[in-house]
$ cat input.txt   # compact mmCIF, C-alpha atoms and all ligand atoms
# COMPACT_ATOMS: atom_id res chain seq x y z
CA MET U 1 0.00 0.00 0.00
CA GLY U 2 1.28 3.51 -0.86
CA ASP U 3 1.95 6.32 1.62
CA PHE U 4 -0.98 8.09 3.21
CA ALA U 5 -1.37 11.67 1.91
CA LYS U 6 -3.94 13.61 3.93
CA GLY U 7 -6.28 15.43 1.55
CA LEU U 8 -4.50 13.54 -1.29
CA GLU U 9 -1.95 16.37 -1.39
CA GLY U 10 0.69 15.73 -4.04
CA VAL U 11 -1.08 12.61 -5.37
CA THR U 12 -1.49 12.45 -9.15
CA ALA U 13 -4.75 10.62 -9.75
CA ALA U 14 -5.59 11.30 -13.42
CA GLU U 15 -4.18 12.44 -16.72
CA THR U 16 -5.76 15.37 -18.52
CA ASN U 17 -5.30 17.29 -21.75
CA MET U 18 -7.39 20.18 -20.50
CA SER U 19 -5.65 22.46 -18.02
CA PHE U 20 -2.09 22.89 -16.82
CA ILE U 21 -1.26 24.66 -13.57
CA ASP U 22 2.16 25.84 -12.44
CA GLY U 23 1.49 26.63 -8.80
CA GLN U 24 4.94 28.08 -8.12
CA GLU U 25 4.92 30.49 -11.06
CA GLY U 26 1.18 31.21 -10.93
CA ARG U 27 0.47 30.03 -14.47
CA LEU U 28 -2.70 28.45 -15.84
CA GLU U 29 -3.21 27.18 -19.38
CA TYR U 30 -6.18 25.53 -21.08
CA VAL U 31 -4.82 23.09 -23.69
CA GLY U 32 -1.57 25.06 -23.69
CA ILE U 33 -3.11 28.52 -24.13
CA GLY U 34 -2.51 31.00 -21.28
CA ILE U 35 -5.62 32.00 -19.32
CA ASP U 36 -4.85 35.71 -19.93
CA ASP U 37 -4.91 35.13 -23.68
CA LEU U 38 -8.22 33.32 -23.45
CA ALA U 39 -9.74 35.94 -21.15
CA GLU U 40 -8.60 38.64 -23.56
CA HIS U 41 -9.59 37.06 -26.87
CA SER U 42 -11.88 34.05 -26.46
CA THR U 43 -15.52 33.51 -25.57
CA PHE U 44 -16.99 31.02 -23.12
CA GLU U 45 -18.41 28.87 -25.92
CA GLU U 46 -15.06 28.77 -27.70
CA THR U 47 -13.30 27.92 -24.45
CA VAL U 48 -15.65 24.99 -23.79
CA PHE U 49 -15.10 23.76 -27.36
CA LEU U 50 -11.36 23.96 -26.69
CA LEU U 51 -11.67 21.98 -23.46
CA TRP U 52 -13.89 19.30 -24.99
CA ASN U 53 -11.91 18.90 -28.23
CA ASN U 54 -8.37 19.87 -27.16
CA ARG U 55 -8.13 22.41 -29.98
CA LEU U 56 -9.66 25.73 -31.01
CA PRO U 57 -12.66 25.53 -33.36
CA THR U 58 -12.82 26.87 -36.91
CA ALA U 59 -15.37 29.65 -37.47
CA SER U 60 -18.00 27.21 -38.76
CA GLU U 61 -17.36 24.73 -35.93
CA LEU U 62 -17.81 27.52 -33.41
CA SER U 63 -21.00 28.67 -35.05
CA ASP U 64 -22.36 25.07 -34.99
CA PHE U 65 -21.35 24.69 -31.35
CA ARG U 66 -23.16 27.91 -30.44
CA LYS U 67 -26.30 26.80 -32.29
CA GLU U 68 -26.17 23.39 -30.67
CA LEU U 69 -25.91 25.00 -27.23
CA SER U 70 -28.54 27.71 -27.71
CA LYS U 71 -31.04 25.10 -28.95
CA ARG U 72 -30.81 23.66 -25.44
CA TYR U 73 -31.41 26.85 -23.42
CA ALA U 74 -35.15 26.10 -23.04
CA LEU U 75 -36.26 23.69 -20.30
CA PRO U 76 -38.67 20.78 -20.81
CA ALA U 77 -42.09 21.93 -19.56
CA GLY U 78 -42.02 19.54 -16.58
CA LEU U 79 -38.66 20.83 -15.42
CA ALA U 80 -39.79 24.46 -15.79
CA ARG U 81 -42.82 23.69 -13.61
CA ARG U 82 -40.55 22.13 -11.00
CA VAL U 83 -38.35 25.25 -10.88
CA ALA U 84 -41.45 27.36 -10.29
CA GLU U 85 -42.49 25.07 -7.39
CA ILE U 86 -39.18 25.18 -5.49
CA PRO U 87 -39.61 26.97 -2.13
CA THR U 88 -38.52 30.59 -2.51
CA THR U 89 -36.39 30.18 0.61
CA ALA U 90 -34.31 27.40 -0.98
CA GLN U 91 -30.61 28.07 -1.42
CA PRO U 92 -29.68 28.34 -5.10
CA MET U 93 -26.84 25.77 -4.94
CA HIS U 94 -29.15 23.19 -3.36
CA MET U 95 -31.76 24.05 -5.97
CA LEU U 96 -29.28 23.71 -8.85
CA ARG U 97 -27.86 20.41 -7.55
CA THR U 98 -31.37 18.96 -7.26
CA LEU U 99 -32.56 20.20 -10.65
CA VAL U 100 -29.47 18.96 -12.53
CA SER U 101 -30.15 15.58 -10.96
CA GLU U 102 -33.78 15.84 -12.11
CA MET U 103 -32.65 16.54 -15.68
CA SER U 104 -31.86 12.84 -15.97
CA LEU U 105 -35.61 12.09 -15.61
CA TYR U 106 -36.22 13.83 -18.95
CA ASP U 107 -33.52 11.85 -20.76
CA THR U 108 -34.85 8.63 -22.26
CA HIS U 109 -31.34 7.07 -22.17
CA PRO U 110 -29.77 8.61 -19.06
CA ASN U 111 -27.21 5.82 -18.62
CA ASP U 112 -25.83 5.90 -22.16
CA ASN U 113 -22.16 6.66 -21.67
CA ASP U 114 -20.61 6.41 -25.10
CA VAL U 115 -18.59 9.54 -25.74
CA GLU U 116 -21.04 11.11 -28.22
CA GLN U 117 -23.98 10.55 -25.87
CA ALA U 118 -21.99 11.91 -22.93
CA ARG U 119 -21.28 15.07 -24.95
CA ARG U 120 -24.98 15.41 -25.76
CA LYS U 121 -25.90 15.17 -22.07
CA ALA U 122 -23.13 17.61 -21.15
CA MET U 123 -24.44 20.06 -23.75
CA ASN U 124 -27.93 19.72 -22.23
CA ILE U 125 -26.69 20.49 -18.74
CA LEU U 126 -24.49 23.37 -19.93
CA GLY U 127 -27.38 24.88 -21.90
CA GLN U 128 -30.08 24.43 -19.26
CA ALA U 129 -28.26 25.27 -16.01
CA PRO U 130 -28.34 29.07 -16.63
CA THR U 131 -32.06 28.89 -17.43
CA ILE U 132 -32.73 27.00 -14.21
CA VAL U 133 -30.79 29.55 -12.13
CA ALA U 134 -32.35 32.62 -13.79
CA MET U 135 -35.86 31.18 -13.64
CA PHE U 136 -35.52 30.27 -9.96
CA ASP U 137 -34.20 33.71 -9.10
CA ARG U 138 -37.07 35.46 -10.86
CA CYS U 139 -39.68 33.13 -9.34
CA ARG U 140 -38.39 33.73 -5.83
CA ARG U 141 -38.50 37.48 -6.42
CA GLY U 142 -42.09 37.20 -7.66
CA LEU U 143 -41.13 38.34 -11.18
CA PRO U 144 -42.37 36.86 -14.45
CA VAL U 145 -40.08 34.29 -16.02
CA ILE U 146 -38.11 35.44 -19.08
CA GLU U 147 -37.78 32.78 -21.75
CA PRO U 148 -34.26 32.28 -23.15
CA ASP U 149 -33.25 34.06 -26.34
CA PRO U 150 -31.34 31.62 -28.56
CA SER U 151 -29.98 34.49 -30.64
CA LEU U 152 -27.86 35.51 -27.64
CA GLY U 153 -24.60 33.95 -26.50
CA PHE U 154 -24.34 31.99 -23.24
CA SER U 155 -23.45 34.98 -21.04
CA ALA U 156 -25.71 37.64 -22.60
CA ASN U 157 -28.64 35.21 -22.58
CA PHE U 158 -28.16 34.42 -18.90
CA LEU U 159 -28.07 38.09 -17.87
CA TYR U 160 -31.11 38.74 -20.08
CA MET U 161 -33.12 35.91 -18.45
CA LEU U 162 -32.07 37.13 -15.01
CA ASN U 163 -32.73 40.84 -15.41
CA GLY U 164 -35.39 40.96 -18.12
CA GLU U 165 -33.35 43.31 -20.27
CA LYS U 166 -30.45 42.75 -22.61
CA PRO U 167 -27.12 43.45 -20.88
CA THR U 168 -24.72 46.10 -22.14
CA GLU U 169 -21.82 44.73 -24.16
CA THR U 170 -19.44 45.59 -21.31
CA MET U 171 -21.47 43.63 -18.75
CA ALA U 172 -21.96 40.64 -21.02
CA ARG U 173 -18.23 40.62 -21.79
CA ALA U 174 -17.26 40.95 -18.11
CA PHE U 175 -19.53 38.03 -17.27
CA ASP U 176 -18.14 35.99 -20.16
CA ILE U 177 -14.60 36.59 -18.87
CA CYS U 178 -15.70 35.23 -15.46
CA MET U 179 -17.10 32.17 -17.22
CA ILE U 180 -13.84 31.65 -19.16
CA THR U 181 -11.63 32.00 -16.09
CA HIS U 182 -13.70 29.56 -14.00
CA ALA U 183 -14.17 26.86 -16.66
CA ASP U 184 -11.50 24.35 -15.66
CA HIS U 185 -8.77 23.89 -13.12
CA GLY U 186 -7.04 20.52 -13.03
CA LEU U 187 -8.15 17.90 -10.54
CA ASN U 188 -9.80 20.25 -8.06
CA ASN U 189 -12.21 18.75 -5.53
CA SER U 190 -15.42 19.01 -7.56
CA THR U 191 -13.75 17.78 -10.77
CA PHE U 192 -12.33 14.84 -8.85
CA ALA U 193 -15.82 14.14 -7.48
CA ALA U 194 -17.21 14.09 -11.04
CA ARG U 195 -14.45 11.76 -12.25
CA VAL U 196 -14.88 9.45 -9.25
CA VAL U 197 -18.61 9.10 -9.92
CA ILE U 198 -18.31 8.53 -13.68
CA SER U 199 -15.50 6.00 -13.10
CA THR U 200 -18.16 3.55 -11.83
CA LEU U 201 -19.80 3.99 -15.28
CA SER U 202 -22.71 5.65 -13.49
CA ASP U 203 -24.01 8.57 -15.65
CA VAL U 204 -23.17 12.15 -16.59
CA TYR U 205 -26.05 13.63 -14.54
CA SER U 206 -24.91 11.86 -11.38
CA ALA U 207 -21.32 12.99 -11.95
CA ILE U 208 -22.26 16.66 -12.43
CA THR U 209 -24.70 16.52 -9.50
CA ALA U 210 -21.91 15.26 -7.23
CA ALA U 211 -19.59 17.98 -8.51
CA ILE U 212 -22.13 20.70 -7.70
CA GLY U 213 -22.44 19.29 -4.18
CA SER U 214 -18.68 19.49 -3.79
CA LEU U 215 -18.34 22.97 -5.25
CA ARG U 216 -20.73 24.59 -2.80
CA GLY U 217 -18.44 23.98 0.19
CA PRO U 218 -16.84 27.12 1.66
CA LEU U 219 -13.34 25.68 1.18
CA HIS U 220 -14.02 25.40 -2.56
CA GLY U 221 -16.39 27.40 -4.80
CA GLY U 222 -18.50 28.59 -1.86
CA ALA U 223 -15.61 30.87 -0.89
CA ASN U 224 -16.75 33.59 -3.34
CA GLU U 225 -19.90 34.09 -1.25
CA GLY U 226 -17.74 34.03 1.90
CA VAL U 227 -15.62 36.85 0.43
CA MET U 228 -18.71 38.98 -0.19
CA HIS U 229 -20.00 38.37 3.36
CA MET U 230 -16.61 39.50 4.64
CA LEU U 231 -16.60 42.64 2.48
CA ASN U 232 -20.09 43.46 3.73
CA GLU U 233 -18.95 43.05 7.34
CA ILE U 234 -16.15 45.61 6.92
CA PRO U 235 -17.75 49.06 7.21
CA SER U 236 -15.09 50.98 5.24
CA VAL U 237 -11.61 50.66 3.81
CA ASP U 238 -10.21 52.18 7.04
CA ASP U 239 -11.57 49.21 9.02
CA ALA U 240 -10.16 46.53 6.71
CA GLU U 241 -6.75 46.18 8.34
CA ALA U 242 -8.06 45.76 11.91
CA TYR U 243 -10.71 43.30 10.69
CA ILE U 244 -8.14 41.08 8.93
CA MET U 245 -5.61 41.30 11.78
CA GLY U 246 -8.34 40.24 14.22
CA LYS U 247 -9.22 37.23 12.12
CA LEU U 248 -5.58 36.20 11.71
CA GLU U 249 -4.99 36.54 15.47
CA ARG U 250 -7.96 34.24 16.10
CA ARG U 251 -6.45 31.88 13.49
CA GLU U 252 -9.53 32.18 11.29
CA LYS U 253 -9.17 31.69 7.56
CA ILE U 254 -9.67 34.61 5.22
CA MET U 255 -11.98 33.55 2.40
CA GLY U 256 -10.58 33.99 -1.10
CA PHE U 257 -6.99 33.38 0.00
CA GLY U 258 -4.83 30.28 -0.12
CA HIS U 259 -4.79 27.37 -2.50
CA ARG U 260 -3.66 23.77 -2.44
CA VAL U 261 -1.73 24.18 -5.68
CA TYR U 262 -0.84 27.88 -6.02
CA LYS U 263 1.93 29.18 -3.84
CA ALA U 264 1.95 32.40 -5.87
CA LYS U 265 -0.92 34.67 -6.86
CA ASP U 266 -3.56 32.76 -8.81
CA PRO U 267 -3.36 34.14 -12.39
CA ARG U 268 -7.16 34.21 -12.50
CA ALA U 269 -7.14 36.52 -9.48
CA THR U 270 -4.64 38.80 -11.24
CA TYR U 271 -6.90 39.02 -14.26
CA LEU U 272 -10.12 39.43 -12.28
CA MET U 273 -8.53 42.11 -10.11
CA THR U 274 -8.11 44.38 -13.15
CA LEU U 275 -11.65 43.61 -14.27
CA ALA U 276 -13.08 44.22 -10.78
CA GLU U 277 -11.26 47.56 -10.50
CA GLN U 278 -12.71 48.81 -13.79
CA LEU U 279 -16.23 47.54 -13.11
CA ALA U 280 -16.20 48.93 -9.57
CA LYS U 281 -15.29 52.36 -10.94
CA ASP U 282 -18.01 52.16 -13.63
CA THR U 283 -20.76 51.00 -11.27
CA GLY U 284 -20.15 53.23 -8.24
CA ASN U 285 -18.58 50.43 -6.18
CA ALA U 286 -15.10 51.89 -5.82
CA ASP U 287 -15.25 51.40 -2.02
CA LEU U 288 -15.72 47.65 -2.48
CA TYR U 289 -12.66 47.41 -4.66
CA ALA U 290 -10.70 49.61 -2.24
CA LYS U 291 -11.57 47.26 0.65
CA SER U 292 -10.51 44.23 -1.39
CA HIS U 293 -7.26 45.87 -2.38
CA LYS U 294 -6.49 46.80 1.24
CA ILE U 295 -7.17 43.22 2.39
CA GLU U 296 -4.78 41.94 -0.25
CA GLN U 297 -2.07 44.37 0.96
CA VAL U 298 -2.48 43.28 4.59
CA MET U 299 -2.45 39.59 3.63
CA GLU U 300 0.65 40.15 1.48
CA ARG U 301 2.46 41.64 4.47
CA GLU U 302 1.25 39.03 6.99
CA VAL U 303 1.01 35.66 5.23
CA ALA U 304 2.51 35.77 1.73
CA ALA U 305 5.67 34.18 3.18
CA LYS U 306 3.52 31.07 3.83
CA GLY U 307 2.48 31.00 0.17
CA ILE U 308 -1.00 32.37 0.83
CA TYR U 309 -2.20 34.67 -1.96
CA PRO U 310 -5.59 35.63 -3.43
CA ASN U 311 -7.32 32.83 -5.32
CA VAL U 312 -9.96 33.04 -8.07
CA ASP U 313 -12.77 33.62 -5.58
CA PHE U 314 -11.32 36.81 -4.09
CA TYR U 315 -11.87 39.29 -6.92
CA SER U 316 -14.69 37.34 -8.56
CA ALA U 317 -16.84 38.40 -5.59
CA THR U 318 -16.44 42.12 -6.37
CA THR U 319 -16.84 41.40 -10.09
CA TYR U 320 -20.13 39.54 -9.62
CA HIS U 321 -21.42 42.21 -7.26
CA CYS U 322 -20.68 44.92 -9.82
CA ILE U 323 -22.43 42.90 -12.53
CA GLY U 324 -25.48 43.13 -10.24
CA LEU U 325 -25.77 39.51 -9.08
CA ARG U 326 -27.34 38.67 -5.74
CA LEU U 327 -24.85 37.25 -3.29
CA ASP U 328 -26.22 33.71 -3.16
CA LEU U 329 -25.92 33.42 -6.94
CA PHE U 330 -22.12 33.76 -6.86
CA THR U 331 -21.42 30.05 -6.38
CA PRO U 332 -24.05 28.99 -8.94
CA MET U 333 -22.19 31.25 -11.43
CA PHE U 334 -19.05 29.24 -10.72
CA ALA U 335 -21.02 26.02 -11.27
CA MET U 336 -22.52 27.24 -14.57
CA SER U 337 -19.03 27.81 -15.92
CA ARG U 338 -17.39 24.75 -14.37
CA ILE U 339 -20.02 22.46 -15.95
CA GLY U 340 -17.82 23.00 -19.04
CA GLY U 341 -14.74 21.69 -17.22
CA TRP U 342 -16.50 18.90 -15.30
CA SER U 343 -18.06 17.59 -18.50
CA GLY U 344 -14.71 17.61 -20.31
CA HIS U 345 -13.21 15.58 -17.46
CA VAL U 346 -16.15 13.16 -17.49
CA ILE U 347 -15.57 12.62 -21.23
CA GLU U 348 -11.82 12.15 -20.63
CA GLN U 349 -12.52 9.66 -17.87
CA LEU U 350 -14.97 7.69 -20.02
CA SER U 351 -12.46 7.64 -22.88
CA ASP U 352 -9.87 5.80 -20.79
CA ASN U 353 -11.66 4.63 -17.68
CA ARG U 354 -10.42 2.82 -14.63
CA LEU U 355 -12.51 2.69 -11.44
CA PHE U 356 -11.22 5.02 -8.70
CA ARG U 357 -10.77 2.97 -5.58
CA PRO U 358 -8.05 4.25 -3.25
CA ALA U 359 -7.21 2.53 0.02
CA ALA U 360 -7.78 3.68 3.61
CA ALA U 361 -5.15 3.02 6.27
CA TYR U 362 -7.08 1.20 8.99
CA VAL U 363 -6.18 2.70 12.39
CA GLY U 364 -8.79 0.98 14.59
CA PRO U 365 -8.45 -2.06 16.89
CA HIS U 366 -8.14 -5.74 15.83
CA ASP U 367 -9.61 -8.92 17.29
CA ALA U 368 -12.14 -6.99 19.37
CA PRO U 369 -14.74 -9.16 21.16
CA TYR U 370 -18.38 -8.92 20.11
CA VAL U 371 -20.14 -7.88 23.35
CA PRO U 372 -23.82 -8.89 23.48
CA ILE U 373 -26.11 -5.85 23.66
CA ASP U 374 -27.33 -6.53 27.24
CA GLN U 375 -23.73 -6.59 28.51
CA ARG U 376 -22.57 -3.23 27.06
N1 LIG L 401 -6.38 32.50 5.58
C1 LIG L 401 -5.51 32.36 6.59
N2 LIG L 401 -4.68 31.31 6.71
C2 LIG L 401 -4.73 30.38 5.75
C3 LIG L 401 -5.61 30.46 4.67
C4 LIG L 401 -6.46 31.57 4.61
N3 LIG L 401 -7.34 31.72 3.62
N4 LIG L 401 -5.44 29.39 3.88
C5 LIG L 401 -4.50 28.64 4.45
N5 LIG L 401 -4.07 29.22 5.59
C6 LIG L 401 -3.05 28.72 6.50
C7 LIG L 401 -3.65 27.63 7.39
O1 LIG L 401 -4.22 28.17 8.54
C8 LIG L 401 -2.45 26.77 7.64
O2 LIG L 401 -1.64 27.42 8.60
P1 LIG L 401 -0.79 26.59 9.69
O3 LIG L 401 0.15 25.74 8.88
O4 LIG L 401 -0.14 27.66 10.49
O5 LIG L 401 -1.81 25.77 10.44
C9 LIG L 401 -1.69 26.79 6.32
O6 LIG L 401 -2.04 28.04 5.72
C10 LIG L 401 -2.06 25.66 5.38
O7 LIG L 401 -3.49 25.67 5.21
P2 LIG L 401 -4.34 24.40 4.83
O8 LIG L 401 -5.78 24.71 5.07
O9 LIG L 401 -3.79 23.17 5.48
O10 LIG L 401 -4.03 24.30 3.29
P3 LIG L 401 -4.83 23.43 2.24
O11 LIG L 401 -3.96 23.26 1.07
O12 LIG L 401 -5.42 22.21 2.87
O13 LIG L 401 -6.08 24.38 1.92
C11 LIG L 401 -7.58 25.93 1.07
C12 LIG L 401 -6.30 25.11 0.80
C13 LIG L 401 -8.69 25.00 1.53
C14 LIG L 401 -8.00 26.59 -0.22
C15 LIG L 401 -7.27 26.99 2.17
O14 LIG L 401 -6.26 27.86 1.70
C16 LIG L 401 -8.51 27.76 2.58
O15 LIG L 401 -9.27 27.27 3.41
N6 LIG L 401 -8.75 28.98 2.00
C17 LIG L 401 -9.93 29.74 2.30
C18 LIG L 401 -11.11 29.22 1.48
C19 LIG L 401 -10.98 29.55 0.01
O16 LIG L 401 -10.72 30.68 -0.37
N7 LIG L 401 -11.26 28.53 -0.83
C20 LIG L 401 -11.25 28.68 -2.27
C21 LIG L 401 -10.09 27.95 -2.88
S1 LIG L 401 -10.02 28.20 -4.60
C22 LIG L 401 -11.28 27.27 -5.19
O17 LIG L 401 -11.64 26.25 -4.67
C23 LIG L 401 -11.99 27.74 -6.31

$ encode --input "input.txt" --output "structure tokens" --more "lines below"
Ligand code: ACO
Amino acid sequence: MGDFAKGLEGVTAAETNMSFIDGQEGRLEYVGIGIDDLAEHSTFEETVFLLWNNRLPTASELSDFRKELSKRYALPAGLARRVAEIPTTAQPMHMLRTLVSEMSLYDTHPNDNDVEQARRKAMNILGQAPTIVAMFDRCRRGLPVIEPDPSLGFSANFLYMLNGEKPTETMARAFDICMITHADHGLNNSTFAARVVISTLSDVYSAITAAIGSLRGPLHGGANEGVMHMLNEIPSVDDAEAYIMGKLERREKIMGFGHRVYKAKDPRATYLMTLAEQLAKDTGNADLYAKSHKIEQVMEREVAAKGIYPNVDFYSATTYHCIGLRLDLFTPMFAMSRIGGWSGHVIEQLSDNRLFRPAAAYVGPHDAPYVPIDQR
């Protein structure tokens, strides 16, 4: 039996063609292309094509991919009714996890795992998840549901369904950049969860459902909501230093900082910082950015020596706030994007599968007597 590695730190458990991370240098590439280049020049649809096919599409392939995806924005009537019936007090991540699981009930061949079928299911989930989130949010606010507009791209269509009006180009682009930067990230916890589930030859819906359950944890994708709660707790930029010092003294973790792999600043955080600064200026949220920036300075001084730097969740919180998203939608935004990455990993796993079945080091007693219940 191999050595025990708590939290599987340093264990290589899969091969992937999708993303490469250099944690020391703070570099992230999707299929060899730097994340900055993709954030600058690509679109979310093109990025998902890249992840699923390990190459950039031609213009006609991209146009077909977009059409294929937008055809799937609309929900089956039964699923739409279910979204409308969800209690308005439900938390969006619990809602999304449940509804993605329910999507399998509308698939006549949910267990079909050949690669083409898996892609079809992945496309369904990718296309329908934004509709589910937007519909739920409008229902809980007592607003009429906005049907998807297939003429719009993934990001513009989502903001349209959420707000009932077409987003400005700047907002749609900012949102698309968030989607690109969150799409894939090696064998992170939720991606591992998806690969573990599909490795039993279960089904794509079960794998993505498990991944959503993993992502919502505050140590993973749930941290972006934690960051926003923290920013809301700090009255002004002048209070940020004392707030962070207090937390560090109490040995509490600061959400949006630290990473298992990065021991330098997460390149996604670097990119999102610039975006957040611009959006904050444009939307009258300069104080929010100023607080974030101050927190980063204090953390740099106090803990950078331990390799703790901002991760993707830190500046995505300010970015999502400036785009006008309600706080409890931040993690679902992460999920909507990461469905692209999870699905790519599910397809990779199915293409060269071996069941995941690690060992546990047994540390309990041996040869213990069975004591009858009346003698315990
Ligand atoms: N704030 C303060 N101290 C921290 C932080 C933080 N955010 N992160 C790590 N540390 C400290 C720990 O207290 C620990 O210190 P010690 O050695 O003195 O006890 C040391 O750094 C190592 O921390 P671990 O939690 O053991 O590191 P691990 O690799 O297991 O955890 C994790 C990584 C979970 C991301 C951690 O940094 C964390 O909890 N961060 C806050 C939550 C967060 O932002 N999560 C999002 C990650 S990115 C993503 O999933 C999309």

$ residues_near_ligand --input "input.txt" --ligand "ligand LIG 401 (chain L)" --cutoff "8 Å" --atoms "only C-alpha atoms and all ligand atoms" --output "ChimeraX atom specification"
/U:7,9,188-189,215,218-224,227,248,251-261,303,306-308,310-314

$ axis_aligned_box --input "input.txt" --around "stretch 29-36 of chain U" --padding-each-side "6 Å" --output "lines of an AutoDock Vina configuration file"
center_x = -3.9
center_y = 29.4
center_z = -21.7
size_x = 16.6
size_y = 24.6
size_z = 16.8

$ closest_residue --input "input.txt" --among "U:Arg354, U:Lys166, U:Arg338, U:Arg326" --to "U:Arg138" --atoms "only C-alpha atoms"
U:Arg326

$ closest_residue --input "input.txt" --among "U:Ser236, U:Ser316, U:Ser343, U:Thr270" --to "U:Met179" --atoms "only C-alpha atoms"
U:Ser316

$ closest_residue --input "input.txt" --among "U:Ala276, U:Ile323, U:Val100, U:Ala84" --to "U:Gly142" --atoms "all atoms listed in the file"
U:Ala84

$ closest_atom_pairs --input "input.txt" --of "stretch 123-225 of chain U" --to "stretch 13-19 of chain U" --cutoff "10 Å" --atoms "all atoms listed in the file" --output "tab-separated table"
residue	atom	partner	partner_atom	distance
U:Ala183	CA	U:Ser19	CA	9.7
U:Asp184	CA	U:Ser19	CA	6.6
U:His185	CA	U:Ser19	CA	6.0
U:Gly186	CA	U:Ser19	CA	5.5
U:Leu187	CA	U:Ala14	CA	7.6
U:Phe192	CA	U:Ala13	CA	8.7
U:Arg195	CA	U:Ala14	CA	8.9
